[in-house]
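Text of the file protein-v7.cif, holding mmCIF, C-alpha atoms and all ligand atoms:
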data_start
#
loop_
_atom_site.label_atom_id
_atom_site.label_comp_id
_atom_site.auth_asym_id
_atom_site.auth_seq_id
_atom_site.Cartn_x
_atom_site.Cartn_y
_atom_site.Cartn_z
CA MET G 1 10.79 1.32 16.75
CA TYR G 2 11.41 -2.11 15.23
CA LYS G 3 14.17 -2.59 12.67
CA GLY G 4 14.35 -5.93 10.91
CA THR G 5 16.15 -7.09 7.79
CA LEU G 6 13.04 -6.62 5.61
CA ILE G 7 10.45 -4.67 7.59
CA ARG G 8 10.71 -1.76 10.00
CA SER G 9 8.40 0.38 12.08
CA GLY G 10 8.62 3.95 13.24
CA GLY G 11 10.22 5.45 10.15
CA ASN G 12 7.06 6.74 8.48
CA ALA G 13 5.32 9.89 9.73
CA LYS G 14 1.86 8.61 8.86
CA THR G 15 2.19 5.24 10.56
CA ILE G 16 3.59 6.93 13.66
CA LYS G 17 0.46 9.11 13.60
CA GLY G 18 -1.57 5.93 13.23
CA ASP G 19 0.32 4.33 16.06
CA LYS G 20 -0.80 7.18 18.30
CA PHE G 21 -4.21 5.56 18.31
CA GLY G 22 -2.36 3.31 20.68
CA GLN G 23 -3.65 0.01 19.50
CA TYR G 24 -1.39 -0.80 16.55
CA GLU G 25 2.19 -0.44 15.46
CA THR G 26 2.89 -0.72 11.72
CA ALA G 27 6.00 -2.16 10.13
CA ILE G 28 6.53 -1.53 6.41
CA MET G 29 8.67 -3.26 3.80
CA TYR G 30 10.25 -1.01 1.19
CA LEU G 31 11.52 -2.71 -1.96
CA ALA G 32 12.93 -1.08 -5.09
CA PRO G 33 9.78 -0.18 -7.10
CA ALA G 34 8.83 -1.39 -10.59
CA GLU G 35 11.93 -2.70 -12.41
CA GLN G 36 14.49 -0.70 -10.46
CA SER G 37 16.21 -3.82 -9.11
CA LEU G 38 16.98 -4.82 -12.72
CA MET G 39 15.93 -8.37 -11.89
CA GLY G 40 12.17 -8.24 -12.40
CA ASN G 41 9.06 -6.14 -11.93
CA VAL G 42 7.43 -5.81 -8.50
CA CYS G 43 4.72 -3.45 -9.84
CA PRO G 44 2.90 -5.18 -12.72
CA MET G 45 0.46 -2.29 -13.28
CA ALA G 46 2.94 0.58 -12.95
CA LYS G 47 3.16 1.23 -16.68
CA GLN G 48 -0.60 1.07 -17.26
CA ALA G 49 -1.32 3.19 -14.19
CA GLY G 50 1.37 5.68 -15.20
CA CYS G 51 2.83 5.84 -11.70
CA GLU G 52 6.29 4.47 -12.38
CA LYS G 53 7.99 7.73 -13.29
CA ALA G 54 6.76 9.64 -10.25
CA CYS G 55 7.59 6.70 -7.99
CA LEU G 56 11.12 6.29 -9.31
CA PHE G 57 11.61 10.02 -8.92
CA LYS G 58 10.59 9.69 -5.30
CA ALA G 59 12.85 6.66 -4.94
CA GLY G 60 15.58 8.78 -6.45
CA ARG G 61 15.08 11.29 -3.70
CA ALA G 62 15.52 8.51 -1.15
CA GLY G 63 18.62 7.81 -3.21
CA MET G 64 20.06 11.06 -1.94
CA PHE G 65 20.93 8.61 0.78
CA ASN G 66 22.46 6.08 -1.53
CA SER G 67 22.62 3.44 1.18
CA ILE G 68 18.81 3.41 1.44
CA ILE G 69 18.26 2.81 -2.24
CA GLN G 70 21.01 0.19 -2.38
CA ALA G 71 19.45 -1.66 0.55
CA ARG G 72 16.05 -1.65 -1.19
CA ILE G 73 17.59 -2.97 -4.40
CA ALA G 74 19.46 -5.69 -2.49
CA LYS G 75 16.24 -6.81 -0.76
CA THR G 76 14.39 -6.92 -4.08
CA GLN G 77 17.18 -8.89 -5.68
CA ARG G 78 16.97 -11.40 -2.83
CA TYR G 79 13.24 -11.69 -3.58
CA PHE G 80 13.90 -12.53 -7.24
CA ARG G 81 16.94 -14.75 -6.66
CA ASP G 82 15.47 -17.18 -4.16
CA ARG G 83 11.78 -16.83 -3.30
CA ALA G 84 11.80 -19.57 -0.62
CA ALA G 85 14.76 -18.03 1.18
CA PHE G 86 13.13 -14.60 0.97
CA MET G 87 9.88 -15.92 2.45
CA ALA G 88 11.86 -17.63 5.24
CA GLU G 89 13.55 -14.29 5.99
CA LEU G 90 10.17 -12.54 5.98
CA VAL G 91 8.65 -15.11 8.36
CA LYS G 92 11.57 -14.62 10.76
CA ASP G 93 11.24 -10.85 10.55
CA ILE G 94 7.48 -10.81 11.15
CA GLU G 95 7.93 -13.28 14.02
CA ARG G 96 10.41 -10.90 15.66
CA PHE G 97 8.17 -7.89 15.03
CA ARG G 98 5.18 -9.75 16.46
CA ASN G 99 7.14 -10.58 19.63
CA TYR G 100 8.31 -6.97 19.86
CA CYS G 101 4.66 -5.82 19.68
CA ILE G 102 3.58 -8.34 22.35
CA ARG G 103 6.32 -7.00 24.66
CA LYS G 104 5.21 -3.44 23.93
CA GLY G 105 1.51 -4.21 24.45
CA VAL G 106 0.40 -3.16 20.94
CA GLU G 107 -1.06 -5.08 18.02
CA PRO G 108 1.15 -5.72 14.99
CA ALA G 109 0.18 -4.34 11.58
CA VAL G 110 2.34 -4.99 8.51
CA ARG G 111 2.38 -3.30 5.11
CA LEU G 112 4.41 -5.49 2.75
CA ASN G 113 4.06 -3.27 -0.33
CA GLY G 114 5.48 0.04 0.91
CA THR G 115 7.01 0.62 -2.54
CA SER G 116 5.92 -2.43 -4.51
CA ASP G 117 2.70 -4.12 -5.61
CA ILE G 118 3.36 -7.83 -5.16
CA GLN G 119 0.37 -10.19 -5.03
CA TRP G 120 1.30 -11.83 -1.73
CA GLU G 121 -1.98 -13.74 -1.55
CA ILE G 122 -1.00 -16.01 -4.45
CA GLY G 123 2.20 -17.89 -5.24
CA HIS G 124 3.98 -17.02 -1.99
CA PRO G 125 3.80 -20.06 0.30
CA CYS G 126 5.91 -20.13 3.44
CA GLU G 127 6.84 -22.21 6.49
CA ARG G 128 6.74 -21.29 10.14
CA LYS G 129 8.43 -23.14 12.99
CA PHE G 130 6.43 -24.03 16.08
CA VAL G 131 7.33 -26.13 19.11
CA SER G 132 5.30 -28.90 17.45
CA GLY G 133 7.37 -28.68 14.27
CA VAL G 134 7.45 -26.86 10.94
CA HIS G 135 4.07 -25.99 9.43
CA LYS G 136 3.48 -25.05 5.79
CA PHE G 137 1.17 -22.18 4.84
CA ALA G 138 -0.28 -21.06 1.52
CA SER G 139 0.54 -17.42 2.33
CA ILE G 140 2.18 -15.21 4.92
CA PHE G 141 -1.32 -14.13 6.02
CA GLU G 142 -2.22 -17.69 6.96
CA ALA G 143 1.09 -18.11 8.78
CA PHE G 144 0.34 -15.08 11.00
CA PRO G 145 -3.43 -14.97 11.60
CA ASP G 146 -2.98 -12.58 14.56
CA VAL G 147 -1.10 -9.99 12.50
CA GLN G 148 -3.11 -7.40 10.55
CA PHE G 149 -1.73 -6.89 7.03
CA TYR G 150 -2.76 -4.09 4.65
CA ASP G 151 -1.67 -2.57 1.36
CA TYR G 152 -2.62 -0.18 -1.40
CA THR G 153 -2.78 -1.75 -4.87
CA LYS G 154 -2.99 -0.82 -8.52
CA VAL G 155 -3.50 -4.46 -9.50
CA TYR G 156 -7.29 -4.13 -9.50
CA LYS G 157 -7.97 -7.78 -10.32
CA ARG G 158 -6.89 -8.53 -6.73
CA ALA G 159 -10.13 -6.96 -5.53
CA TYR G 160 -12.11 -9.85 -7.03
CA ARG G 161 -10.19 -12.46 -5.01
CA GLN G 162 -11.28 -13.94 -1.74
CA LEU G 163 -8.62 -12.24 0.38
CA PRO G 164 -7.61 -13.57 3.81
CA SER G 165 -9.56 -11.89 6.62
CA ASN G 166 -6.37 -10.37 8.05
CA TYR G 167 -5.36 -8.72 4.74
CA SER G 168 -6.97 -5.41 3.80
CA LEU G 169 -6.47 -3.91 0.35
CA THR G 170 -7.30 -0.40 -0.86
CA LEU G 171 -7.41 0.35 -4.59
CA SER G 172 -5.09 3.14 -5.72
CA TYR G 173 -6.67 5.50 -8.25
CA SER G 174 -4.86 7.38 -11.02
CA GLU G 175 -6.10 9.28 -14.07
CA ALA G 176 -2.74 9.02 -15.83
CA ASN G 177 -4.32 6.47 -18.15
CA PRO G 178 -8.09 6.71 -18.83
CA THR G 179 -8.38 2.96 -19.44
CA TYR G 180 -6.77 2.22 -16.10
CA ALA G 181 -8.89 4.86 -14.33
CA ALA G 182 -12.09 3.41 -15.77
CA ALA G 183 -11.06 -0.13 -14.80
CA VAL G 184 -10.33 0.86 -11.19
CA ILE G 185 -13.64 2.68 -10.87
CA LYS G 186 -15.49 -0.32 -12.32
CA THR G 187 -13.68 -2.58 -9.85
CA ALA G 188 -14.47 -0.32 -6.89
CA CYS G 189 -18.15 -0.27 -7.90
CA GLU G 190 -18.36 -4.01 -8.46
CA THR G 191 -16.47 -5.11 -5.36
CA GLY G 192 -17.14 -2.29 -2.87
CA MET G 193 -13.41 -2.09 -2.14
CA ASN G 194 -12.20 1.30 -0.93
CA MET G 195 -10.30 3.48 -3.37
CA ALA G 196 -7.55 5.94 -2.45
CA VAL G 197 -7.51 9.21 -4.42
CA VAL G 198 -4.64 11.71 -4.18
CA TYR G 199 -5.80 15.33 -4.43
CA ARG G 200 -3.64 18.30 -5.42
CA SER G 201 -3.76 20.02 -2.03
CA LYS G 202 -5.12 19.69 1.45
CA ALA G 203 -7.74 22.35 0.58
CA VAL G 204 -8.97 20.36 -2.44
CA ARG G 205 -9.04 17.16 -0.41
CA ASP G 206 -10.75 18.78 2.58
CA ASN G 207 -13.40 20.16 0.26
CA MET G 208 -14.25 16.58 -0.66
CA LEU G 209 -14.34 15.23 2.87
CA TYR G 210 -17.65 13.77 3.84
CA SER G 211 -19.24 15.43 0.80
CA GLY G 212 -21.40 13.59 -1.66
CA ASP G 213 -19.07 13.70 -4.65
CA ALA G 214 -15.43 12.72 -4.78
CA PHE G 215 -14.87 13.96 -8.32
CA GLY G 216 -16.22 17.48 -8.42
CA ASP G 217 -19.52 19.22 -8.31
CA ALA G 218 -21.82 18.99 -11.32
CA SER G 219 -23.07 22.53 -10.67
CA ASN G 220 -19.67 24.12 -11.35
CA GLY G 221 -18.94 21.96 -14.36
CA VAL G 222 -16.02 20.14 -12.77
CA VAL G 223 -17.35 16.71 -13.44
CA SER G 224 -14.71 14.20 -14.38
CA THR G 225 -15.63 11.71 -17.07
CA THR G 226 -14.43 9.15 -14.56
CA ARG G 227 -16.88 10.39 -11.95
CA ILE G 228 -17.96 7.87 -9.42
CA ILE G 229 -20.55 8.41 -6.77
CA ARG G 230 -19.40 7.39 -3.37
CA PRO G 231 -21.19 9.12 -0.55
CA VAL G 232 -18.22 9.46 1.75
CA VAL G 233 -14.63 10.67 1.32
CA VAL G 234 -12.67 9.95 4.48
CA ASP G 235 -9.46 11.64 5.59
CA GLY G 236 -6.74 9.19 4.60
CA ASP G 237 -4.01 11.30 6.16
CA GLU G 238 -5.30 11.07 9.69
CA THR G 239 -3.81 7.59 9.92
CA ASP G 240 -2.26 5.07 7.53
CA MET G 241 -4.22 2.18 9.00
CA ARG G 242 -6.48 1.58 6.02
CA PHE G 243 -7.95 -1.55 7.58
CA THR G 244 -9.79 0.66 10.08
CA ASP G 245 -11.63 2.61 7.33
CA PRO G 246 -15.34 2.01 6.82
CA ARG G 247 -16.02 -0.01 3.67
CA GLY G 248 -17.28 1.59 0.44
CA VAL G 249 -15.57 4.99 0.74
CA ILE G 250 -13.05 7.12 -1.10
CA VAL G 251 -9.86 7.50 0.95
CA GLY G 252 -8.87 11.11 0.33
CA LEU G 253 -5.17 11.89 0.47
CA TYR G 254 -3.34 15.06 -0.54
CA THR G 255 0.08 15.58 -2.08
CA LYS G 256 3.13 16.56 -0.16
CA GLY G 257 6.55 17.49 -1.50
CA PRO G 258 7.43 17.13 -5.20
CA ALA G 259 4.24 15.22 -6.05
CA LYS G 260 2.45 18.59 -5.84
CA LYS G 261 3.81 19.28 -9.32
CA ASP G 262 2.64 15.94 -10.71
CA THR G 263 1.15 16.28 -14.18
CA THR G 264 0.74 12.59 -14.97
CA GLY G 265 -2.89 12.44 -13.83
CA PHE G 266 -2.09 10.62 -10.61
CA VAL G 267 -2.92 13.77 -8.65
CA ILE G 268 -6.53 14.97 -8.94
CA ASP G 269 -7.32 18.71 -9.04
S1 LIG L 301 2.64 0.54 -8.23
FE1 LIG L 301 3.03 1.77 -6.40
S2 LIG L 301 5.11 1.24 -5.78
FE2 LIG L 301 4.85 0.55 -7.89
S3 LIG L 301 5.60 2.19 -9.19
FE3 LIG L 301 3.39 2.52 -8.92
S4 LIG L 301 3.21 3.89 -7.15
FE4 LIG L 301 5.28 3.01 -7.14
#

Turn this file's structure into structure tokens for me.
Amino acid sequence: MYKGTLIRSGGNAKTIKGDKFGQYETAIMYLAPAEQSLMGNVCPMAKQAGCEKACLFKAGRAGMFNSIIQARIAKTQRYFRDRAAFMAELVKDIERFRNYCIRKGVEPAVRLNGTSDIQWEIGHPCERKFVSGVHKFASIFEAFPDVQFYDYTKVYKRAYRQLPSNYSLTLSYSEANPTYAAAVIKTACETGMNMAVVYRSKAVRDNMLYSGDAFGDASNGVVSTTRIIRPVVVDGDETDMRFTDPRGVIVGLYTKGPAKKDTTGFVID
């Protein structure tokens, strides 16, 4: 387990599962989602996607341990107060995590948007110190080419960008807002980027696995207006390492805990 000031590994059941594949260890950064830090918005599509309420509710549950939520808010406030200082802290943290992974004999994977949706590929330059001196980089991905980064995103326009080869993005689907749902599907079709879909239960999700239709079967009338044909739905719960998924699939997840009762449209029946 690695515990830094911004990222940490070992605290998430799914990444531990992923780590069991032996090759990678994942460290995740958890910020205060949406506008919870009261200093800015780290989730620009949260309102359109309709995910903010459910996410804050979840964050509220973490808030049962008030220290956790306060730490996330403090980190997010540091991000808004002084971006350069925040990036310097992040570089230091990833450097330490990378060294930890080298010592452990595993490859480092980092998920920066555990509970945020920041566009790290643009507007986030950083510096990294080497024996030869300080080098400037356009992004954290360029600064650490031997670290695998990955995230889920609701900011679908990111899918049209030329992303760094060590940054893997998966679109996050929601039917809470039909306009948003249609835009994500269009993006997935146009770019081939994978799309994560959260199903109501394991049974519903498993029914979709490796079937020909991620949005219901036309023969029983359960065809969503947002139906998209993707030949393969893969089990997204087996591991969190989305960068190992084949391209052009639906990543099928199922709800756990209070999200089972979600009625916003984020969870698909
Ligand atoms: S974009 Fe992601 S992190 Fe942000 S509010 Fe929505 S679900 Fe939560």

- In terms of the shortest atom-to-atom distance over all atoms listed in the file, which of G:Ser67, G:Thr5, G:Thr170, G:Thr115 is closest to G:Leu31?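 Closest residue, counting all atoms listed in the file: G:Thr115.
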
Using 10 Å as the limit and counting all atoms listed in the file, can you tabulate each residue of chain G that touches ligand LIG 301 (chain L), with its shortest atom-to-atom distance in Å and the two atoms involved, as CSV?
residue,atom,partner,partner_atom,distance
G:Tyr30,CA,L:LIG301,S2,8.9
G:Leu31,CA,L:LIG301,S2,8.4
G:Ala32,CA,L:LIG301,S2,8.2
G:Pro33,CA,L:LIG301,FE2,5.0
G:Ala34,CA,L:LIG301,S3,5.0
G:Glu35,CA,L:LIG301,S3,8.6
G:Gln36,CA,L:LIG301,S3,9.4
G:Asn41,CA,L:LIG301,FE2,8.9
G:Val42,CA,L:LIG301,FE2,6.9
G:Cys43,CA,L:LIG301,FE2,4.5
G:Pro44,CA,L:LIG301,S1,7.3
G:Met45,CA,L:LIG301,S1,6.2
G:Ala46,CA,L:LIG301,FE3,4.5
G:Lys47,CA,L:LIG301,FE3,7.9
G:Gln48,CA,L:LIG301,FE3,9.4
G:Ala49,CA,L:LIG301,FE3,7.1
G:Gly50,CA,L:LIG301,FE3,7.3
G:Cys51,CA,L:LIG301,FE3,4.4
G:Glu52,CA,L:LIG301,S3,4.0
G:Lys53,CA,L:LIG301,S3,7.3
G:Ala54,CA,L:LIG301,S4,7.4
G:Cys55,CA,L:LIG301,FE4,4.4
G:Leu56,CA,L:LIG301,S3,6.9
G:Phe57,CA,L:LIG301,FE4,9.6
G:Lys58,CA,L:LIG301,FE4,8.7
G:Ala59,CA,L:LIG301,FE4,8.7
G:Asn113,CA,L:LIG301,S2,7.2
G:Gly114,CA,L:LIG301,S2,6.8
G:Thr115,CA,L:LIG301,S2,3.8
G:Ser116,CA,L:LIG301,S2,4.0
G:Asp117,CA,L:LIG301,S1,5.3
G:Ile118,CA,L:LIG301,FE2,8.9
G:Tyr152,CA,L:LIG301,FE1,7.8
G:Thr153,CA,L:LIG301,S1,6.8
G:Lys154,CA,L:LIG301,S1,5.8
G:Val155,CA,L:LIG301,S1,8.0
G:Ser172,CA,L:LIG301,FE1,8.3
G:Ser174,CA,L:LIG301,S4,9.6
G:Phe266,CA,L:LIG301,S4,9.2

- How many Å lie between atom CA of G:Tyr254 and atom CA of G:Ile73, rounded to one decimal? 27.9 Å

- Go ahead and compute the interatomic distance for atom CA of G:Lys202 and atom CA of G:Lys256, in Å to one decimal.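 So the two atoms, atom CA of G:Lys202 and atom CA of G:Lys256, lie 9.0 Å apart.
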
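Take the candidates G:Ile268, G:Ile28, G:Cys101, G:Ile7 and check each one against G:Asp146 using only C-alpha atoms; the shortest distance goes to G:Cys101.
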
- Task: Just the residues within 9 Å of stretch 127-138 of chain G, please, counting all atoms listed in the file, with nothing from its chain fewer than 4 positions along; format it as a ChimeraX atom specification.
- Result: /G:87-88,91-92,95,121-123,142-144

Limited to C-alpha atoms, could you put the picked residues into a file as a compact mmCIF listing (two decimals), keeping the file's coordinate frame?
# COMPACT_ATOMS: atom_id res chain seq x y z
CA MET G 87 9.88 -15.92 2.45
CA ALA G 88 11.86 -17.63 5.24
CA VAL G 91 8.65 -15.11 8.36
CA LYS G 92 11.57 -14.62 10.76
CA GLU G 95 7.93 -13.28 14.02
CA GLU G 121 -1.98 -13.74 -1.55
CA ILE G 122 -1.00 -16.01 -4.45
CA GLY G 123 2.20 -17.89 -5.24
CA GLU G 142 -2.22 -17.69 6.96
CA ALA G 143 1.09 -18.11 8.78
CA PHE G 144 0.34 -15.08 11.00

- Message: Given the point (0.4, -5.9, 9.3) in the coordinates of this file, which residues lie within 8 Å, counting only C-alpha atoms, and how would they look as a PyMOL selection string?
- Response: chain G and resi 26-27+108-112+147-150+167

- Counting all atoms listed in the file, the option among G:Ile250, G:Ala71, G:Leu169, G:Leu6 closest to G:Trp120: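 Once distances to G:Trp120 are computed over all atoms listed in the file, the minimum belongs to G:Leu169.
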
- Task: Have a look at atom CA of G:Tyr79 and atom CA of G:Leu38 and let me know their distance in Å, one decimal.
- Result: 12.0 Å

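The nearest approach to G:Asn194 among the residues G:Gly248, G:Pro164, G:Pro178, G:Gly236, with all atoms listed in the file taken into account, belongs to G:Gly248.
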
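In terms of minimum interatomic distance to G:Thr264, G:Arg200 ranks closest within G:Arg242, G:Lys157, G:Arg205, G:Arg200, counting all atoms listed in the file.
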
Generate the coordinates of N, CA and C atoms for stretch 20-44 of chain G; report them as a tab-separated table (two decimals), in the frame of the given file.
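The result, stored in selection_16.tsv:
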chain	number	residue	atom	x	y	z
G	20	LYS	N	-0.36	6.39	17.14
G	20	LYS	CA	-0.80	7.18	18.30
G	20	LYS	C	-2.19	6.77	18.76
G	21	PHE	N	-2.91	6.06	17.88
G	21	PHE	CA	-4.21	5.56	18.31
G	21	PHE	C	-3.99	4.52	19.41
G	22	GLY	N	-2.73	4.14	19.55
G	22	GLY	CA	-2.36	3.31	20.68
G	22	GLY	C	-2.46	1.83	20.46
G	23	GLN	N	-3.36	1.43	19.61
G	23	GLN	CA	-3.65	0.01	19.50
G	23	GLN	C	-2.65	-0.74	18.62
G	24	TYR	N	-2.23	-0.10	17.53
G	24	TYR	CA	-1.39	-0.80	16.55
G	24	TYR	C	-0.03	-0.15	16.37
G	25	GLU	N	0.93	-0.97	15.96
G	25	GLU	CA	2.19	-0.44	15.46
G	25	GLU	C	2.40	-1.07	14.08
G	26	THR	N	2.76	-0.24	13.10
G	26	THR	CA	2.89	-0.72	11.72
G	26	THR	C	4.35	-0.84	11.31
G	27	ALA	N	4.67	-1.99	10.73
G	27	ALA	CA	6.00	-2.16	10.13
G	27	ALA	C	5.80	-2.25	8.62
G	28	ILE	N	6.67	-1.59	7.87
G	28	ILE	CA	6.53	-1.53	6.41
G	28	ILE	C	7.76	-2.12	5.74
G	29	MET	N	7.53	-2.78	4.61
G	29	MET	CA	8.67	-3.26	3.80
G	29	MET	C	8.80	-2.37	2.57
G	30	TYR	N	9.98	-1.84	2.36
G	30	TYR	CA	10.25	-1.01	1.19
G	30	TYR	C	11.18	-1.75	0.25
G	31	LEU	N	10.67	-2.10	-0.93
G	31	LEU	CA	11.52	-2.71	-1.96
G	31	LEU	C	11.84	-1.65	-3.00
G	32	ALA	N	12.65	-2.00	-3.99
G	32	ALA	CA	12.93	-1.08	-5.09
G	32	ALA	C	11.75	-1.19	-6.07
G	33	PRO	N	11.01	-0.08	-6.31
G	33	PRO	CA	9.78	-0.18	-7.10
G	33	PRO	C	9.98	-0.57	-8.56
G	34	ALA	N	8.88	-1.04	-9.15
G	34	ALA	CA	8.83	-1.39	-10.59
G	34	ALA	C	10.01	-2.28	-10.97
G	35	GLU	N	10.82	-1.84	-11.94
G	35	GLU	CA	11.93	-2.70	-12.41
G	35	GLU	C	13.28	-2.18	-11.94
G	36	GLN	N	13.26	-1.36	-10.90
G	36	GLN	CA	14.49	-0.70	-10.46
G	36	GLN	C	15.58	-1.67	-10.00
G	37	SER	N	15.20	-2.86	-9.58
G	37	SER	CA	16.21	-3.82	-9.11
G	37	SER	C	16.95	-4.47	-10.27
G	38	LEU	N	16.42	-4.25	-11.47
G	38	LEU	CA	16.98	-4.82	-12.72
G	38	LEU	C	16.90	-6.34	-12.76
G	39	MET	N	16.07	-6.90	-11.89
G	39	MET	CA	15.93	-8.37	-11.89
G	39	MET	C	14.49	-8.83	-12.13
G	40	GLY	N	13.57	-7.89	-12.21
G	40	GLY	CA	12.17	-8.24	-12.40
G	40	GLY	C	11.30	-7.06	-12.03
G	41	ASN	N	9.99	-7.24	-12.18
G	41	ASN	CA	9.06	-6.14	-11.93
G	41	ASN	C	8.19	-6.44	-10.71
G	42	VAL	N	8.27	-5.60	-9.70
G	42	VAL	CA	7.43	-5.81	-8.50
G	42	VAL	C	6.15	-4.97	-8.55
G	43	CYS	N	5.93	-4.29	-9.68
G	43	CYS	CA	4.72	-3.45	-9.84
G	43	CYS	C	4.13	-3.71	-11.23
G	44	PRO	N	3.37	-4.80	-11.39
G	44	PRO	CA	2.90	-5.18	-12.72
G	44	PRO	C	2.00	-4.16	-13.41
